[in-house]
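Trainee: Sharing coords12.pdb below, PDB, C-alpha atoms:
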```
ATOM      1  CA  MET S   1      64.335  85.730  77.963  1.00  0.00           C
ATOM      2  CA  PHE S   2      62.889  86.081  81.465  1.00  0.00           C
ATOM      3  CA  GLU S   3      64.895  88.157  83.902  1.00  0.00           C
ATOM      4  CA  PRO S   4      64.946  85.423  86.608  1.00  0.00           C
ATOM      5  CA  LEU S   5      66.533  83.105  84.048  1.00  0.00           C
ATOM      6  CA  LEU S   6      69.223  85.701  83.278  1.00  0.00           C
ATOM      7  CA  ILE S   7      69.926  85.928  87.008  1.00  0.00           C
ATOM      8  CA  LEU S   8      70.240  82.134  87.162  1.00  0.00           C
ATOM      9  CA  ILE S   9      72.615  82.167  84.179  1.00  0.00           C
ATOM     10  CA  ALA S  10      74.733  84.895  85.767  1.00  0.00           C
ATOM     11  CA  ALA S  11      74.921  82.998  89.071  1.00  0.00           C
ATOM     12  CA  ALA S  12      75.777  79.687  87.373  1.00  0.00           C
ATOM     13  CA  PHE S  13      78.596  81.205  85.315  1.00  0.00           C
ATOM     14  CA  LEU S  14      79.888  83.287  88.208  1.00  0.00           C
ATOM     15  CA  LEU S  15      80.303  80.072  90.196  1.00  0.00           C
ATOM     16  CA  ALA S  16      81.692  78.151  87.194  1.00  0.00           C
ATOM     17  CA  GLY S  17      84.178  80.941  86.462  1.00  0.00           C
ATOM     18  CA  PHE S  18      85.202  81.000  90.116  1.00  0.00           C
ATOM     19  CA  VAL S  19      85.874  77.251  90.034  1.00  0.00           C
ATOM     20  CA  LYS S  20      87.952  77.629  86.859  1.00  0.00           C
ATOM     21  CA  GLY S  21      89.862  80.515  88.428  1.00  0.00           C
ATOM     22  CA  VAL S  22      90.744  78.479  91.516  1.00  0.00           C
ATOM     23  CA  ILE S  23      91.492  75.021  90.069  1.00  0.00           C
ATOM     24  CA  GLY S  24      92.055  75.804  86.372  1.00  0.00           C
ATOM     25  CA  LEU S  25      89.124  73.895  84.845  1.00  0.00           C
ATOM     26  CA  GLY S  26      85.447  73.097  85.296  1.00  0.00           C
ATOM     27  CA  LEU S  27      83.650  75.998  83.590  1.00  0.00           C
ATOM     28  CA  PRO S  28      81.579  73.922  81.092  1.00  0.00           C
ATOM     29  CA  THR S  29      81.103  71.071  83.578  1.00  0.00           C
ATOM     30  CA  VAL S  30      79.761  73.262  86.383  1.00  0.00           C
ATOM     31  CA  SER S  31      77.680  75.562  84.194  1.00  0.00           C
ATOM     32  CA  MET S  32      76.136  72.671  82.211  1.00  0.00           C
ATOM     33  CA  GLY S  33      75.292  70.860  85.429  1.00  0.00           C
ATOM     34  CA  LEU S  34      73.642  73.890  87.016  1.00  0.00           C
ATOM     35  CA  LEU S  35      71.744  75.051  83.919  1.00  0.00           C
ATOM     36  CA  ALA S  36      70.473  71.527  83.184  1.00  0.00           C
ATOM     37  CA  VAL S  37      68.399  71.771  86.363  1.00  0.00           C
ATOM     38  CA  THR S  38      66.078  74.263  84.622  1.00  0.00           C
ATOM     39  CA  MET S  39      66.508  73.630  80.885  1.00  0.00           C
ATOM     40  CA  PRO S  40      67.368  70.859  78.381  1.00  0.00           C
ATOM     41  CA  PRO S  41      71.104  70.230  77.846  1.00  0.00           C
ATOM     42  CA  SER S  42      70.834  71.476  74.238  1.00  0.00           C
ATOM     43  CA  HIS S  43      69.630  74.918  75.388  1.00  0.00           C
ATOM     44  CA  ALA S  44      72.207  74.995  78.185  1.00  0.00           C
ATOM     45  CA  LEU S  45      74.993  74.148  75.741  1.00  0.00           C
ATOM     46  CA  ALA S  46      73.899  76.960  73.398  1.00  0.00           C
ATOM     47  CA  ILE S  47      74.569  79.385  76.258  1.00  0.00           C
ATOM     48  CA  VAL S  48      77.754  77.676  77.473  1.00  0.00           C
ATOM     49  CA  ILE S  49      79.453  77.314  74.099  1.00  0.00           C
ATOM     50  CA  VAL S  50      80.708  80.875  73.450  1.00  0.00           C
ATOM     51  CA  PRO S  51      82.190  81.513  76.940  1.00  0.00           C
ATOM     52  CA  ALA S  52      83.763  78.056  76.780  1.00  0.00           C
ATOM     53  CA  ILE S  53      85.358  78.689  73.378  1.00  0.00           C
ATOM     54  CA  ILE S  54      86.762  82.103  74.330  1.00  0.00           C
ATOM     55  CA  THR S  55      88.180  81.030  77.704  1.00  0.00           C
ATOM     56  CA  ASN S  56      89.686  77.900  76.116  1.00  0.00           C
ATOM     57  CA  ILE S  57      91.282  79.890  73.271  1.00  0.00           C
ATOM     58  CA  TRP S  58      92.891  82.121  75.890  1.00  0.00           C
ATOM     59  CA  GLN S  59      94.172  79.016  77.716  1.00  0.00           C
ATOM     60  CA  THR S  60      95.452  77.522  74.428  1.00  0.00           C
ATOM     61  CA  PHE S  61      98.037  80.242  73.835  1.00  0.00           C
ATOM     62  CA  VAL S  62      99.273  80.597  77.427  1.00  0.00           C
ATOM     63  CA  GLY S  63     102.397  78.458  77.301  1.00  0.00           C
ATOM     64  CA  PRO S  64     105.201  77.321  74.959  1.00  0.00           C
ATOM     65  CA  TYR S  65     103.964  73.783  74.293  1.00  0.00           C
ATOM     66  CA  LEU S  66     101.422  74.322  71.500  1.00  0.00           C
ATOM     67  CA  ARG S  67     103.392  72.585  68.721  1.00  0.00           C
ATOM     68  CA  ASP S  68     104.191  69.522  70.847  1.00  0.00           C
ATOM     69  CA  ILE S  69     100.591  69.327  72.079  1.00  0.00           C
ATOM     70  CA  VAL S  70      99.178  69.314  68.543  1.00  0.00           C
ATOM     71  CA  ARG S  71     101.740  66.702  67.477  1.00  0.00           C
ATOM     72  CA  ARG S  72     100.812  64.367  70.345  1.00  0.00           C
ATOM     73  CA  LEU S  73      97.074  64.991  70.620  1.00  0.00           C
ATOM     74  CA  TRP S  74      95.917  65.260  67.000  1.00  0.00           C
ATOM     75  CA  PRO S  75      94.563  61.654  67.025  1.00  0.00           C
ATOM     76  CA  LEU S  76      92.578  62.426  70.195  1.00  0.00           C
ATOM     77  CA  MET S  77      91.214  65.656  68.726  1.00  0.00           C
ATOM     78  CA  ALA S  78      90.408  64.076  65.339  1.00  0.00           C
ATOM     79  CA  GLY S  79      88.581  61.207  67.034  1.00  0.00           C
ATOM     80  CA  THR S  80      86.612  63.654  69.180  1.00  0.00           C
ATOM     81  CA  VAL S  81      85.493  65.699  66.169  1.00  0.00           C
ATOM     82  CA  VAL S  82      84.370  62.511  64.374  1.00  0.00           C
ATOM     83  CA  GLY S  83      82.531  61.311  67.493  1.00  0.00           C
ATOM     84  CA  ILE S  84      80.720  64.643  67.838  1.00  0.00           C
ATOM     85  CA  TRP S  85      79.750  64.488  64.169  1.00  0.00           C
ATOM     86  CA  LEU S  86      78.523  60.881  64.414  1.00  0.00           C
ATOM     87  CA  ASN S  87      76.292  61.716  67.392  1.00  0.00           C
ATOM     88  CA  ALA S  88      75.205  65.131  66.120  1.00  0.00           C
ATOM     89  CA  GLY S  89      71.469  64.518  66.523  1.00  0.00           C
ATOM     90  CA  MET S  90      71.590  63.418  70.144  1.00  0.00           C
ATOM     91  CA  LEU S  91      70.881  66.859  71.632  1.00  0.00           C
ATOM     92  CA  THR S  92      67.864  67.569  69.436  1.00  0.00           C
ATOM     93  CA  GLY S  93      66.646  64.158  68.263  1.00  0.00           C
ATOM     94  CA  PRO S  94      64.082  61.800  69.805  1.00  0.00           C
ATOM     95  CA  TYR S  95      66.570  60.688  72.465  1.00  0.00           C
ATOM     96  CA  ALA S  96      67.427  64.224  73.606  1.00  0.00           C
ATOM     97  CA  ARG S  97      65.478  63.819  76.854  1.00  0.00           C
ATOM     98  CA  TYR S  98      67.990  61.182  77.946  1.00  0.00           C
ATOM     99  CA  GLY S  99      70.818  63.722  77.693  1.00  0.00           C
ATOM    100  CA  THR S 100      70.189  65.034  81.217  1.00  0.00           C
ATOM    101  CA  ILE S 101      70.417  61.501  82.612  1.00  0.00           C
ATOM    102  CA  VAL S 102      73.716  60.946  80.811  1.00  0.00           C
ATOM    103  CA  LEU S 103      74.996  64.334  82.014  1.00  0.00           C
ATOM    104  CA  GLY S 104      74.120  63.517  85.622  1.00  0.00           C
ATOM    105  CA  LEU S 105      75.859  60.130  85.450  1.00  0.00           C
ATOM    106  CA  LEU S 106      78.862  61.720  83.766  1.00  0.00           C
ATOM    107  CA  LEU S 107      79.199  64.300  86.543  1.00  0.00           C
ATOM    108  CA  VAL S 108      79.144  61.522  89.151  1.00  0.00           C
ATOM    109  CA  ILE S 109      81.769  59.458  87.292  1.00  0.00           C
ATOM    110  CA  TYR S 110      83.939  62.543  86.725  1.00  0.00           C
ATOM    111  CA  ALA S 111      83.822  63.436  90.419  1.00  0.00           C
ATOM    112  CA  ILE S 112      84.482  59.891  91.645  1.00  0.00           C
ATOM    113  CA  VAL S 113      87.498  59.577  89.325  1.00  0.00           C
ATOM    114  CA  GLY S 114      88.784  62.920  90.609  1.00  0.00           C
ATOM    115  CA  LEU S 115      88.317  61.979  94.274  1.00  0.00           C
ATOM    116  CA  SER S 116      89.908  58.550  93.869  1.00  0.00           C
ATOM    117  CA  LYS S 117      92.982  60.034  92.170  1.00  0.00           C
ATOM    118  CA  LEU S 118      93.335  56.940  90.005  1.00  0.00           C
ATOM    119  CA  SER S 119      96.465  57.044  87.870  1.00  0.00           C
ATOM    120  CA  PHE S 120      97.024  55.285  84.556  1.00  0.00           C
ATOM    121  CA  LYS S 121     100.017  55.100  82.254  1.00  0.00           C
ATOM    122  CA  VAL S 122      99.951  54.907  78.463  1.00  0.00           C
ATOM    123  CA  ALA S 123     103.096  53.964  76.568  1.00  0.00           C
ATOM    124  CA  ARG S 124     104.241  56.291  73.763  1.00  0.00           C
ATOM    125  CA  ARG S 125     103.758  53.560  71.165  1.00  0.00           C
ATOM    126  CA  ASP S 126     100.067  53.268  72.121  1.00  0.00           C
ATOM    127  CA  GLU S 127      99.242  56.988  72.229  1.00  0.00           C
ATOM    128  CA  LYS S 128      97.950  57.394  68.668  1.00  0.00           C
ATOM    129  CA  TRP S 129      95.576  54.417  68.301  1.00  0.00           C
ATOM    130  CA  LEU S 130      94.334  54.752  71.880  1.00  0.00           C
ATOM    131  CA  GLY S 131      93.937  58.517  71.385  1.00  0.00           C
ATOM    132  CA  VAL S 132      91.607  57.929  68.425  1.00  0.00           C
ATOM    133  CA  LEU S 133      89.490  55.489  70.460  1.00  0.00           C
ATOM    134  CA  VAL S 134      89.345  57.791  73.502  1.00  0.00           C
ATOM    135  CA  GLY S 135      88.510  60.711  71.208  1.00  0.00           C
ATOM    136  CA  LEU S 136      85.612  58.851  69.569  1.00  0.00           C
ATOM    137  CA  ILE S 137      84.111  57.987  72.957  1.00  0.00           C
ATOM    138  CA  THR S 138      84.639  61.529  74.235  1.00  0.00           C
ATOM    139  CA  GLY S 139      83.009  62.971  71.109  1.00  0.00           C
ATOM    140  CA  VAL S 140      79.939  60.744  71.344  1.00  0.00           C
ATOM    141  CA  VAL S 141      79.490  61.615  75.037  1.00  0.00           C
ATOM    142  CA  SER S 142      80.161  65.304  74.404  1.00  0.00           C
ATOM    143  CA  ALA S 143      77.577  65.505  71.616  1.00  0.00           C
ATOM    144  CA  ALA S 144      74.959  64.195  74.058  1.00  0.00           C
ATOM    145  CA  THR S 145      75.934  66.197  77.144  1.00  0.00           C
ATOM    146  CA  GLY S 146      78.191  69.116  76.159  1.00  0.00           C
ATOM    147  CA  VAL S 147      80.889  67.887  78.570  1.00  0.00           C
ATOM    148  CA  GLN S 148      84.266  66.698  77.261  1.00  0.00           C
ATOM    149  CA  VAL S 149      86.176  65.687  80.400  1.00  0.00           C
ATOM    150  CA  LEU S 150      85.705  61.924  80.158  1.00  0.00           C
ATOM    151  CA  PRO S 151      87.562  59.898  79.114  1.00  0.00           C
ATOM    152  CA  SER S 152      89.798  62.556  77.508  1.00  0.00           C
ATOM    153  CA  MET S 153      91.197  64.118  80.671  1.00  0.00           C
ATOM    154  CA  PRO S 154      92.370  60.843  82.305  1.00  0.00           C
ATOM    155  CA  PHE S 155      93.976  59.950  78.943  1.00  0.00           C
ATOM    156  CA  MET S 156      95.935  63.234  78.834  1.00  0.00           C
ATOM    157  CA  GLN S 157      97.111  62.623  82.377  1.00  0.00           C
ATOM    158  CA  ALA S 158      98.034  59.020  81.523  1.00  0.00           C
ATOM    159  CA  ILE S 159     100.368  59.967  78.656  1.00  0.00           C
ATOM    160  CA  GLY S 160     102.600  61.797  81.116  1.00  0.00           C
ATOM    161  CA  MET S 161     102.068  65.494  80.421  1.00  0.00           C
ATOM    162  CA  GLU S 162     103.592  67.851  82.966  1.00  0.00           C
ATOM    163  CA  LYS S 163     101.366  70.232  84.925  1.00  0.00           C
ATOM    164  CA  ASP S 164     101.834  73.378  82.792  1.00  0.00           C
ATOM    165  CA  GLU S 165     101.733  71.400  79.554  1.00  0.00           C
ATOM    166  CA  LEU S 166      98.549  69.637  80.685  1.00  0.00           C
ATOM    167  CA  VAL S 167      96.803  72.948  81.425  1.00  0.00           C
ATOM    168  CA  GLN S 168      97.654  74.238  77.940  1.00  0.00           C
ATOM    169  CA  ALA S 169      96.698  70.877  76.387  1.00  0.00           C
ATOM    170  CA  LEU S 170      93.279  71.070  78.020  1.00  0.00           C
ATOM    171  CA  GLY S 171      92.819  74.497  76.444  1.00  0.00           C
ATOM    172  CA  VAL S 172      93.785  73.201  72.986  1.00  0.00           C
ATOM    173  CA  PHE S 173      91.609  70.097  73.213  1.00  0.00           C
ATOM    174  CA  PHE S 174      88.552  71.854  74.646  1.00  0.00           C
ATOM    175  CA  THR S 175      88.830  74.578  71.980  1.00  0.00           C
ATOM    176  CA  VAL S 176      88.657  71.983  69.184  1.00  0.00           C
ATOM    177  CA  ALA S 177      85.834  70.073  70.873  1.00  0.00           C
ATOM    178  CA  THR S 178      83.702  73.149  71.630  1.00  0.00           C
ATOM    179  CA  LEU S 179      84.153  74.460  68.074  1.00  0.00           C
ATOM    180  CA  ALA S 180      82.920  71.101  66.753  1.00  0.00           C
ATOM    181  CA  LEU S 181      79.940  71.311  69.107  1.00  0.00           C
ATOM    182  CA  ALA S 182      79.262  74.861  67.913  1.00  0.00           C
ATOM    183  CA  PHE S 183      78.883  73.556  64.339  1.00  0.00           C
ATOM    184  CA  ASN S 184      76.379  70.971  65.624  1.00  0.00           C
ATOM    185  CA  LEU S 185      74.383  73.640  67.438  1.00  0.00           C
ATOM    186  CA  THR S 186      74.413  75.968  64.430  1.00  0.00           C
ATOM    187  CA  ALA S 187      73.200  73.199  62.121  1.00  0.00           C
ATOM    188  CA  ALA S 188      70.412  72.409  64.584  1.00  0.00           C
ATOM    189  CA  GLY S 189      69.371  76.074  64.755  1.00  0.00           C
ATOM    190  CA  LEU S 190      70.173  76.377  68.474  1.00  0.00           C
ATOM    191  CA  LEU S 191      72.781  79.135  68.070  1.00  0.00           C
ATOM    192  CA  SER S 192      70.765  82.179  67.052  1.00  0.00           C
ATOM    193  CA  ALA S 193      70.107  85.802  67.971  1.00  0.00           C
ATOM    194  CA  SER S 194      67.995  84.618  70.908  1.00  0.00           C
ATOM    195  CA  THR S 195      71.111  83.266  72.638  1.00  0.00           C
ATOM    196  CA  ALA S 196      73.050  86.534  72.270  1.00  0.00           C
ATOM    197  CA  LEU S 197      71.845  88.174  75.491  1.00  0.00           C
ATOM    198  CA  PRO S 198      72.191  85.121  77.762  1.00  0.00           C
ATOM    199  CA  GLY S 199      75.548  84.412  76.097  1.00  0.00           C
ATOM    200  CA  ALA S 200      76.755  87.942  76.872  1.00  0.00           C
ATOM    201  CA  VAL S 201      75.592  87.612  80.489  1.00  0.00           C
ATOM    202  CA  ALA S 202      77.347  84.247  80.729  1.00  0.00           C
ATOM    203  CA  MET S 203      80.552  85.709  79.291  1.00  0.00           C
ATOM    204  CA  ALA S 204      80.653  88.639  81.708  1.00  0.00           C
ATOM    205  CA  ALA S 205      79.850  86.438  84.699  1.00  0.00           C
ATOM    206  CA  SER S 206      82.481  83.854  83.658  1.00  0.00           C
ATOM    207  CA  PHE S 207      85.286  86.391  83.528  1.00  0.00           C
ATOM    208  CA  ALA S 208      84.143  88.004  86.775  1.00  0.00           C
ATOM    209  CA  GLY S 209      84.137  84.600  88.465  1.00  0.00           C
ATOM    210  CA  MET S 210      87.565  83.725  87.042  1.00  0.00           C
ATOM    211  CA  PHE S 211      88.974  87.038  88.274  1.00  0.00           C
ATOM    212  CA  ILE S 212      87.607  86.416  91.787  1.00  0.00           C
ATOM    213  CA  GLY S 213      88.804  82.807  91.776  1.00  0.00           C
ATOM    214  CA  GLN S 214      92.324  83.772  90.729  1.00  0.00           C
ATOM    215  CA  ALA S 215      92.384  86.509  93.374  1.00  0.00           C
ATOM    216  CA  VAL S 216      91.497  84.138  96.213  1.00  0.00           C
ATOM    217  CA  ARG S 217      93.555  81.192  94.930  1.00  0.00           C
ATOM    218  CA  SER S 218      96.585  82.235  96.985  1.00  0.00           C
ATOM    219  CA  ARG S 219      94.472  82.556 100.145  1.00  0.00           C
ATOM    220  CA  MET S 220      92.946  79.097 100.154  1.00  0.00           C
ATOM    221  CA  GLN S 221      93.974  75.508  99.644  1.00  0.00           C
ATOM    222  CA  PRO S 222      93.042  74.604  96.042  1.00  0.00           C
ATOM    223  CA  GLU S 223      93.129  70.883  96.865  1.00  0.00           C
ATOM    224  CA  ALA S 224      90.573  71.271  99.676  1.00  0.00           C
ATOM    225  CA  PHE S 225      88.350  73.375  97.427  1.00  0.00           C
ATOM    226  CA  ARG S 226      88.701  70.802  94.642  1.00  0.00           C
ATOM    227  CA  ARG S 227      87.612  68.009  96.996  1.00  0.00           C
ATOM    228  CA  TRP S 228      84.442  69.800  98.109  1.00  0.00           C
ATOM    229  CA  PHE S 229      83.742  70.843  94.524  1.00  0.00           C
ATOM    230  CA  LEU S 230      83.858  67.205  93.406  1.00  0.00           C
ATOM    231  CA  ILE S 231      81.575  66.151  96.263  1.00  0.00           C
ATOM    232  CA  ALA S 232      79.100  68.838  95.162  1.00  0.00           C
ATOM    233  CA  MET S 233      79.331  67.507  91.581  1.00  0.00           C
ATOM    234  CA  ILE S 234      78.367  64.025  92.825  1.00  0.00           C
ATOM    235  CA  LEU S 235      75.283  65.408  94.574  1.00  0.00           C
ATOM    236  CA  LEU S 236      74.323  67.523  91.575  1.00  0.00           C
ATOM    237  CA  GLY S 237      74.831  64.603  89.187  1.00  0.00           C
ATOM    238  CA  ILE S 238      72.681  62.289  91.310  1.00  0.00           C
ATOM    239  CA  TYR S 239      69.927  64.911  91.440  1.00  0.00           C
ATOM    240  CA  LEU S 240      69.999  65.493  87.662  1.00  0.00           C
ATOM    241  CA  ALA S 241      69.997  61.799  86.781  1.00  0.00           C
ATOM    242  CA  ALA S 242      67.276  60.937  89.312  1.00  0.00           C
ATOM    243  CA  SER S 243      64.942  63.814  88.404  1.00  0.00           C
ATOM    244  CA  ALA S 244      65.376  63.242  84.637  1.00  0.00           C
ATOM    245  CA  THR S 245      64.778  59.500  85.051  1.00  0.00           C
ATOM    246  CA  TYR S 246      61.586  60.254  87.002  1.00  0.00           C
ATOM    247  CA  ASP S 247      60.390  62.579  84.216  1.00  0.00           C
ATOM    248  CA  VAL S 248      61.095  59.934  81.547  1.00  0.00           C
ATOM    249  CA  ILE S 249      59.209  57.255  83.516  1.00  0.00           C
ATOM    250  CA  ARG S 250      56.292  59.618  84.202  1.00  0.00           C
ATOM    251  CA  HIS S 251      55.909  60.428  80.507  1.00  0.00           C
TER     252      HIS S 251
END
```
Kindly present the structure from the file in structure tokens form.

Mentor:
Amino acid sequence: MFEPLLILIAAAFLLAGFVKGVIGLGLPTVSMGLLAVTMPPSHALAIVIVPAIITNIWQTFVGPYLRDIVRRLWPLMAGTVVGIWLNAGMLTGPYARYGTIVLGLLLVIYAIVGLSKLSFKVARRDEKWLGVLVGLITGVVSAATGVQVLPSMPFMQAIGMEKDELVQALGVFFTVATLALAFNLTAAGLLSASTALPGAVAMAASFAGMFIGQAVRSRMQPEAFRRWFLIAMILLGIYLAASATYDVIRH
């Protein structure tokens, strides 16, 4: 592992951890987006996966809502695991080069949805069947890009979870999804001893960034930061999709 690449990994996760510390989410999204500039999404995900699992496990148990979350979200989580399994070869198969294009488009959609503040409502009677469908779509997209925010996050907001419950629910859901992705990566041989050092660097930088982000959260307007963060995600997503499309056409 080249030292400049370790520096890039540290910088990417420091920024991603900072974002998570300020607004409570975004570590996999930011780090995947930044790392995909210099490496395939499958290699980026192999580095992202361990910090994502550990930070999400921590988020899972911060709050009193775990039992209710599992009761309401098990169809979403089951559908996501199945979707990840069904699309397991996307990161390493013949269509893997299209993963960066999908990731770029996903970042743009994610940011536009966040900026528009669209709100949806899902009735209690429709939660289970719709949760399975949303989970399947999320799993298929996640297996190709390593990002699990769409359409799962709008769904969790649409079923009426309160702020604190939603934060804990995101931790529970992302833990299940990243563990399922970890099995995919292990089966594909992407999680190995060679990812230990970059993974350790990513872990340390993530927690350092989260600590800094939490420290400055009270001194800045999280909503203003969130807006500029989403604008930056649009620009990054456009760059990733455009550059990857150019590479596909050229080859």

Trainee: Check what the PyMOL selection byres ((chain S and resi 21-34) around 6) selects in the file above and give those residues as a VMD selection string.

Mentor: chain S and resid 12 to 13 16 to 20 35 to 37 147 210 213 to 214 217

Trainee: Would you please work out which residue, of S:Tyr246, S:Ile231, S:Pro198, S:Tyr65, is nearest to Val113 of chain S when using all atoms listed in the file?

Mentor: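 Of the candidates, the smallest distance to Val113 of chain S is held by S:Ile231.
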
Trainee: Which is closer to Ile9 of chain S than all the others in S:Met203, S:Ala187, S:Ala232, S:Val248, using all atoms listed in the file?

Mentor: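 Answer, going by the shortest atom-to-atom distance: S:Met203.
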
Trainee: Counting all atoms listed in the file, figure out which residue out of S:Val149, S:Leu106, S:Asn56, S:Val167 gets nearest to Met233 of chain S.

Mentor: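 Once distances to Met233 of chain S are computed over all atoms listed in the file, the minimum belongs to S:Leu106.
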
Trainee: Once the PyMOL selection byres ((chain S and resi 41) around 8) has been applied to the shown file, what residues remain in the selection, as a PyMOL selection string?

Mentor: chain S and resi 32+35-36+39-40+42-45+91+99-100+145-146

Trainee: Compare S:Ser192, S:Ser119, S:Thr138, S:Thr38 by their minimum atom-to-atom distance to Leu6 of chain S, counting all atoms listed in the file, and give me the closest one.

Mentor: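 For Leu6 of chain S, the nearest of the candidates is S:Thr38.
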
Trainee: Extract, using only C-alpha atoms, all DNA, RNA and protein residues at most 9 Å from segment 178-186 of chain S, discarding same-chain residues fewer than 4 positions from it, and format them as an NGL selection string.

Mentor: :S and (42 or 45-46 or 49-50 or 52-53 or 56 or 80-81 or 84-85 or 88-89 or 91 or 142-143 or 146 or 148 or 173-174 or 190-192)

Trainee: What is the atom CA of Trp129 of chain S to atom CA of Ile109 of chain S distance in Å?

Mentor: 24.0 Å

Trainee: Report, in Å with one decimal, the straight-line distance from atom CA of Phe120 of chain S to atom CA of Asp68 of chain S.

Mentor: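 A separation of 21.0 Å between them.
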
Trainee: I'd like to see the residues matched by the PyMOL selection byres ((chain S and resi 133) around 12) on this file, and ideally I'd get them as a PyMOL selection string.

Mentor: chain S and resi 75-83+126-132+134-140+151-152+155

Trainee: Please identify all polymer residues within 8 Å of Glu165 of chain S, counting only C-alpha atoms, omitting same-chain residues fewer than 3 positions from it, and present them as a short mmCIF file (atom, residue, chain, number, x, y, z; two decimals) with C-alpha atoms, in the frame of the given file.

Mentor:
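around30.cif written:
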```
data_model
loop_
_atom_site.label_atom_id
_atom_site.label_comp_id
_atom_site.auth_asym_id
_atom_site.auth_seq_id
_atom_site.Cartn_x
_atom_site.Cartn_y
_atom_site.Cartn_z
CA GLY S 63 102.40 78.46 77.30
CA TYR S 65 103.96 73.78 74.29
CA ILE S 69 100.59 69.33 72.08
CA MET S 161 102.07 65.49 80.42
CA GLU S 162 103.59 67.85 82.97
CA GLN S 168 97.65 74.24 77.94
CA ALA S 169 96.70 70.88 76.39
#
```
